[in-house]
$ cat work.txt   # compact mmCIF, C-alpha atoms
# COMPACT_ATOMS: atom_id res chain seq x y z
CA MET K 103 51.16 15.79 45.03
CA TYR K 104 50.35 16.28 41.37
CA THR K 105 47.66 18.89 40.59
CA LYS K 106 46.12 19.38 37.14
CA GLU K 107 46.57 22.74 35.53
CA PRO K 108 43.33 24.81 35.38
CA ASN K 109 43.17 24.45 31.57
CA MET K 110 43.54 20.69 31.84
CA GLN K 111 40.80 20.59 34.45
CA ARG K 112 38.45 22.58 32.21
CA ARG K 113 39.19 20.25 29.27
CA THR K 114 38.50 17.20 31.41
CA LEU K 115 35.19 18.64 32.64
CA LEU K 116 34.20 19.60 29.08
CA GLN K 117 34.99 16.11 27.77
CA ALA K 118 32.93 14.56 30.56
CA ALA K 119 30.01 16.89 29.76
CA VAL K 120 30.16 15.97 26.06
CA VAL K 121 30.16 12.24 26.86
CA THR K 122 27.23 12.68 29.26
CA ALA K 123 25.23 14.75 26.77
CA GLY K 124 25.93 12.21 24.04
CA SER K 125 24.66 9.40 26.25
CA VAL K 126 21.49 11.33 27.06
CA LEU K 127 20.82 12.12 23.40
CA ALA K 128 21.46 8.52 22.38
CA GLY K 129 19.02 7.37 25.04
CA CYS K 130 16.41 9.84 23.86
CA ALA K 131 16.88 8.73 20.26
CA THR K 132 16.49 5.09 21.26
CA THR K 133 13.36 5.84 23.29
CA SER K 134 11.93 7.91 20.42
CA ALA K 135 12.63 5.14 17.89
CA GLN K 136 11.02 2.56 20.16
CA SER K 137 7.91 4.69 20.77
CA ALA K 138 7.47 5.93 17.19
CA LYS K 139 4.23 4.78 15.60
CA PRO K 140 4.59 2.69 12.44
CA PRO K 141 4.13 4.53 9.15
CA PHE K 142 1.37 3.56 6.74
CA VAL K 143 1.97 3.08 3.02
CA LEU K 144 -1.37 2.98 1.19
CA VAL K 145 -1.37 1.50 -2.31
CA HIS K 146 -4.38 2.15 -4.53
CA GLY K 147 -6.15 -0.18 -6.91
CA ALA K 148 -6.71 -0.21 -10.66
CA TRP K 149 -7.68 3.09 -12.36
CA HIS K 150 -7.24 5.01 -9.09
CA GLY K 151 -4.36 7.06 -7.69
CA GLY K 152 -3.01 8.28 -4.38
CA TRP K 153 -5.93 10.74 -4.35
CA CYS K 154 -8.38 8.01 -3.30
CA TRP K 155 -6.93 7.92 0.24
CA GLU K 156 -7.38 11.62 0.96
CA ARG K 157 -10.27 11.03 3.38
CA VAL K 158 -8.36 8.36 5.31
CA THR K 159 -4.90 9.94 5.45
CA PRO K 160 -5.70 12.82 7.85
CA LEU K 161 -7.42 10.40 10.26
CA LEU K 162 -4.31 8.21 10.46
CA GLU K 163 -2.08 11.27 10.76
CA ALA K 164 -4.24 12.61 13.61
CA ALA K 165 -3.49 9.36 15.44
CA GLY K 166 0.23 10.07 15.13
CA HIS K 167 1.19 8.02 12.07
CA LYS K 168 3.13 9.13 9.02
CA VAL K 169 1.16 8.27 5.88
CA TYR K 170 2.41 7.79 2.33
CA ALA K 171 -0.07 7.29 -0.54
CA PRO K 172 1.93 7.04 -3.78
CA THR K 173 0.38 7.05 -7.23
CA LEU K 174 1.55 4.12 -9.34
CA ALA K 175 3.09 4.66 -12.77
CA GLY K 176 0.67 5.39 -15.61
CA MET K 177 -2.33 6.48 -13.52
CA ALA K 178 -3.89 9.65 -12.08
CA GLU K 179 -1.32 12.49 -12.13
CA ARG K 180 1.15 10.04 -13.67
CA ALA K 181 -1.17 9.17 -16.58
CA GLY K 182 1.28 10.77 -18.99
CA GLU K 183 3.71 7.94 -18.21
CA LEU K 184 1.31 5.24 -19.43
CA SER K 185 3.12 2.80 -21.73
CA ALA K 186 3.14 -0.84 -22.74
CA SER K 187 6.26 -1.41 -20.62
CA ILE K 188 4.54 -0.80 -17.26
CA ASN K 189 3.97 -4.05 -15.41
CA LEU K 190 3.75 -5.49 -11.88
CA ASP K 191 7.49 -5.03 -11.37
CA THR K 192 7.16 -1.34 -12.24
CA HIS K 193 4.46 -0.80 -9.63
CA ALA K 194 6.26 -2.85 -6.98
CA GLN K 195 9.35 -0.71 -7.52
CA ASP K 196 7.23 2.45 -7.18
CA VAL K 197 6.32 1.34 -3.65
CA ILE K 198 9.82 0.14 -2.78
CA ASN K 199 11.10 3.57 -3.83
CA VAL K 200 8.77 5.18 -1.27
CA LEU K 201 10.06 2.86 1.47
CA GLU K 202 13.70 3.48 0.59
CA ARG K 203 13.52 7.18 -0.21
CA ASN K 204 11.87 7.89 3.15
CA ASN K 205 13.95 5.28 5.00
CA LEU K 206 10.80 3.63 6.34
CA HIS K 207 10.91 0.68 8.73
CA ASN K 208 8.21 -1.20 10.61
CA ALA K 209 5.74 0.01 7.96
CA ILE K 210 2.17 -1.15 7.56
CA LEU K 211 1.63 -1.77 3.86
CA VAL K 212 -1.96 -1.61 2.61
CA GLY K 213 -2.95 -2.87 -0.82
CA HIS K 214 -6.44 -2.20 -2.18
CA SER K 215 -8.01 -4.34 -4.91
CA TYR K 216 -5.47 -4.71 -7.76
CA ALA K 217 -2.65 -3.78 -5.35
CA GLY K 218 -3.11 -7.18 -3.73
CA MET K 219 -0.86 -8.34 -6.57
CA VAL K 220 1.68 -5.56 -5.95
CA ILE K 221 2.31 -5.65 -2.22
CA PRO K 222 3.46 -9.32 -2.13
CA LEU K 223 6.23 -8.33 -4.56
CA VAL K 224 7.18 -5.45 -2.25
CA ALA K 225 7.31 -7.82 0.72
CA ASP K 226 9.36 -10.28 -1.31
CA ARG K 227 12.01 -7.66 -2.10
CA ALA K 228 11.87 -5.24 0.84
CA GLY K 229 10.35 -7.28 3.63
CA GLN K 230 12.85 -6.02 6.19
CA ARG K 231 11.09 -2.64 6.06
CA LEU K 232 7.61 -3.99 6.80
CA LYS K 233 5.67 -4.85 9.94
CA ARG K 234 2.36 -5.96 8.45
CA MET K 235 0.44 -6.21 5.17
CA ILE K 236 -3.27 -5.41 4.93
CA PHE K 237 -5.10 -6.68 1.85
CA LEU K 238 -8.19 -4.47 1.46
CA ASP K 239 -10.80 -6.30 -0.64
CA ALA K 240 -7.76 -7.28 -2.66
CA LEU K 241 -7.02 -9.67 -5.50
CA LEU K 242 -4.77 -12.58 -4.55
CA LEU K 243 -2.65 -14.49 -7.04
CA ASP K 244 -0.57 -17.63 -6.68
CA ASN K 245 3.13 -17.43 -7.38
CA ASN K 246 3.83 -17.38 -11.14
CA GLN K 247 0.17 -16.58 -11.90
CA SER K 248 -1.04 -13.55 -13.87
CA LEU K 249 -4.41 -11.86 -13.53
CA LYS K 250 -4.97 -12.52 -17.23
CA SER K 251 -4.80 -16.27 -16.56
CA SER K 252 -7.59 -15.99 -13.97
CA ILE K 253 -10.01 -14.15 -16.28
CA PRO K 254 -12.31 -16.19 -18.59
CA ALA K 255 -11.22 -16.02 -22.23
CA ASP K 256 -14.36 -14.21 -23.42
CA ALA K 257 -14.08 -11.60 -20.67
CA TRP K 258 -10.41 -11.06 -21.50
CA ALA K 259 -11.26 -10.63 -25.19
CA ALA K 260 -13.87 -8.01 -24.27
CA ARG K 261 -11.32 -6.12 -22.19
CA LEU K 262 -8.80 -6.19 -25.02
CA LYS K 263 -11.44 -4.81 -27.38
CA LEU K 264 -12.13 -1.92 -25.00
CA ALA K 265 -8.40 -1.28 -24.62
CA GLN K 266 -8.07 -1.00 -28.38
CA GLU K 267 -11.09 1.29 -28.72
CA LYS K 268 -10.65 3.51 -25.65
CA GLY K 269 -7.23 2.78 -24.18
CA ARG K 270 -4.82 3.33 -27.09
CA GLY K 271 -4.12 -0.41 -27.01
CA ILE K 272 -2.09 -0.11 -23.79
CA GLY K 273 -4.62 0.67 -21.04
CA PHE K 274 -7.91 -0.67 -19.73
CA PRO K 275 -10.70 1.93 -19.42
CA PRO K 276 -12.23 2.26 -15.94
CA PHE K 277 -15.59 0.94 -14.79
CA PRO K 278 -18.26 3.38 -13.54
CA ALA K 279 -17.87 4.36 -9.88
CA ALA K 280 -21.05 2.50 -8.99
CA ALA K 281 -19.22 -0.74 -9.80
CA PHE K 282 -16.95 -0.05 -6.81
CA GLY K 283 -19.89 0.09 -4.41
CA ILE K 284 -20.23 3.88 -4.45
CA SER K 285 -23.88 4.92 -4.34
CA ASP K 286 -23.66 8.61 -3.39
CA LYS K 287 -24.03 10.68 -6.56
CA ALA K 288 -21.53 13.34 -5.50
CA ASP K 289 -18.96 10.67 -4.65
CA GLN K 290 -19.60 8.94 -7.97
CA ALA K 291 -18.98 12.17 -9.85
CA TRP K 292 -15.79 12.89 -7.86
CA VAL K 293 -14.34 9.41 -8.37
CA GLU K 294 -15.23 9.23 -12.06
CA SER K 295 -13.55 12.59 -12.63
CA LYS K 296 -10.33 11.08 -11.24
CA LEU K 297 -10.24 7.58 -12.75
CA THR K 298 -7.75 6.96 -15.56
CA LEU K 299 -6.62 4.11 -17.78
CA HIS K 300 -4.91 1.16 -16.10
CA PRO K 301 -1.71 -0.28 -17.67
CA MET K 302 -2.41 -3.56 -19.49
CA GLY K 303 1.00 -5.01 -18.76
CA THR K 304 0.15 -5.36 -15.07
CA TYR K 305 -2.56 -7.89 -15.94
CA GLU K 306 -0.34 -9.82 -18.33
CA GLN K 307 2.81 -10.26 -16.23
CA PRO K 308 2.84 -13.15 -13.73
CA MET K 309 3.56 -12.34 -10.10
CA MET K 310 7.02 -13.86 -9.60
CA LEU K 311 8.05 -14.37 -5.95
CA ARG K 312 11.44 -15.57 -4.75
CA ASN K 313 10.22 -16.31 -1.23
CA SER K 314 7.00 -17.67 0.23
CA PHE K 315 3.95 -15.43 -0.20
CA GLY K 316 4.32 -12.51 2.22
CA ASN K 317 7.92 -13.38 3.08
CA GLY K 318 6.98 -14.21 6.68
CA ILE K 319 5.27 -10.86 7.34
CA ASP K 320 2.00 -10.69 9.29
CA LYS K 321 -0.99 -10.61 6.90
CA VAL K 322 -4.54 -9.33 7.30
CA TYR K 323 -7.35 -9.68 4.76
CA VAL K 324 -10.20 -7.15 4.99
CA ASP K 325 -13.45 -8.03 3.24
CA CYS K 326 -15.75 -5.22 2.04
CA THR K 327 -19.18 -6.74 2.53
CA ASN K 328 -21.91 -4.24 1.62
CA PRO K 329 -22.15 -4.66 -1.28
CA LYS K 330 -19.62 -7.36 -2.13
CA LEU K 331 -17.76 -7.07 -5.43
CA ALA K 332 -18.29 -10.43 -7.13
CA SER K 333 -14.95 -10.42 -8.95
CA VAL K 334 -13.15 -10.46 -5.58
CA ASN K 335 -14.98 -13.61 -4.35
CA PRO K 336 -12.25 -16.08 -5.42
CA SER K 337 -9.66 -14.01 -3.55
CA ARG K 338 -11.86 -13.82 -0.44
CA GLU K 339 -12.16 -17.59 -0.49
CA LYS K 340 -8.40 -17.97 -0.95
CA ALA K 341 -7.75 -15.64 2.00
CA HIS K 342 -10.15 -17.62 4.21
CA ALA K 343 -8.29 -20.81 3.33
CA GLN K 344 -4.90 -19.48 4.47
CA THR K 345 -3.42 -20.45 7.82
CA GLY K 346 -1.82 -17.78 9.95
CA TRP K 347 -3.72 -14.88 8.37
CA LYS K 348 -6.02 -12.54 10.25
CA TYR K 349 -9.39 -11.91 8.63
CA ASP K 350 -11.60 -8.85 9.14
CA ALA K 351 -14.54 -7.16 7.45
CA ILE K 352 -16.04 -3.73 6.95
CA ALA K 353 -19.70 -3.21 6.05
CA THR K 354 -19.28 -0.98 3.02
CA GLY K 355 -18.51 -1.26 -0.69
CA HIS K 356 -15.28 -2.02 -2.50
CA ASP K 357 -13.98 1.59 -2.38
CA ALA K 358 -14.13 1.72 1.41
CA MET K 359 -11.69 4.63 1.55
CA VAL K 360 -14.33 6.73 -0.24
CA THR K 361 -17.55 5.42 1.30
CA ALA K 362 -16.48 4.72 4.92
CA PRO K 363 -13.17 6.49 5.62
CA ARG K 364 -13.66 6.77 9.39
CA ASP K 365 -14.53 3.11 9.84
CA LEU K 366 -11.66 2.11 7.60
CA ALA K 367 -9.15 4.30 9.45
CA ALA K 368 -10.32 2.83 12.76
CA LEU K 369 -9.83 -0.67 11.38
CA PHE K 370 -6.32 0.17 10.16
CA LEU K 371 -5.42 1.63 13.55
CA ARG K 372 -6.45 -1.60 15.29
CA TYR K 373 -3.70 -3.36 13.36
CA ALA K 374 -1.11 -0.64 13.99
$ encode --input "work.txt" --output "structure tokens"
Amino acid sequence: MYTKEPNMQRRTLLQAAVVTAGSVLAGCATTSAQSAKPPFVLVHGAWHGGWCWERVTPLLEAAGHKVYAPTLAGMAERAGELSASINLDTHAQDVINVLERNNLHNAILVGHSYAGMVIPLVADRAGQRLKRMIFLDALLLDNNQSLKSSIPADAWAARLKLAQEKGRGIGFPPFPAAAFGISDKADQAWVESKLTLHPMGTYEQPMMLRNSFGNGIDKVYVDCTNPKLASVNPSREKAHAQTGWKYDAIATGHDAMVTAPRDLAALFLRYA
């Protein structure tokens, strides 16, 4: 009768242990991946920066989510990058870089205000990394439409004049914080100390999609209702007219992340 040598027996036992351990680790990794909570990517609006989410981020993190709040090119701490070449594609790529650099999947992509024109481009080009898009009191464009084309000619001329006088001809100066529905004086002072010029090219370039709007990804529109920002009304109406979208509301002003961070975080978590 053939008997294995002791060394051969030890090698066989060791190989079996390695295979078993590998199977256990693979199972744990699979379970961990399946149970992991989706990450949030929060994209700010015009004149703002990643800073505007700082009251919301810790609330989402406390619920177990990774949160990324990038600042788009030319604004906030990236104001030194402001140039005439920055457009919608630039800002979409900023967000795609966050998704790719951090290898994010199943992400919930939030776009506030102006970023409603950015996140559809992200979904168009990196939709496989997304679970859901949330449009927070956001501007909505049709494919091949620019924001410039939706602004009355006299209002556009006034903005250009301000850009020449106060924006070096390449950036739009910000509105006062009160225009974003912020009534608290301390909050107004904080926000106004952070606002910077917004790149003009983002208003001039049409939003060019290769796929249908949203690229098949679940979409939610969140309306900020108290007070409502009149310039968002056409987008609210457009969102209401869509089929297959979810529609929600929060009773605060346009900058909900500043004025009602807890309510906003709770709303985001409902869709996570």
$ closest_residue --input "work.txt" --among "K:Gly273, K:Lys139, K:Ile352, K:Tyr305" --to "K:Gly182" --atoms "all atoms listed in the file"
K:Gly273
$ closest_residue --input "work.txt" --among "K:Thr327, K:Thr361, K:Thr345, K:Asn245" --to "K:Trp155" --atoms "only C-alpha atoms"
K:Thr361
$ atom_distance --input "work.txt" --atom1 "atom CA of K:Tyr349" --atom2 "atom CA of K:Gln195"
27.2 Å
$ axis_aligned_box --input "work.txt" --around "stretch 287-304 of chain K" --padding-each-side "4 Å" --output "lines of an AutoDock Vina configuration file"
center_x = -11.5
center_y = 4.0
center_z = -12.1
size_x = 33.0
size_y = 26.7
size_z = 22.8
$ closest_residue --input "work.txt" --among "K:Asp357, K:Glu202, K:Glu183, K:Asp365" --to "K:Ser285" --atoms "all atoms listed in the file"
K:Asp357
$ closest_residue --input "work.txt" --among "K:Leu243, K:Ala228, K:Ala260, K:Met309" --to "K:Leu206" --atoms "all atoms listed in the file"
K:Ala228
$ closest_residue --input "work.txt" --among "K:Gly355, K:Ser185, K:Ala171, K:Val293" --to "K:Gly269" --atoms "only C-alpha atoms"
K:Ser185
$ closest_residue --input "work.txt" --among "K:Ala353, K:Gly152, K:Glu339, K:Ala374" --to "K:Ala138" --atoms "all atoms listed in the file"
K:Ala374
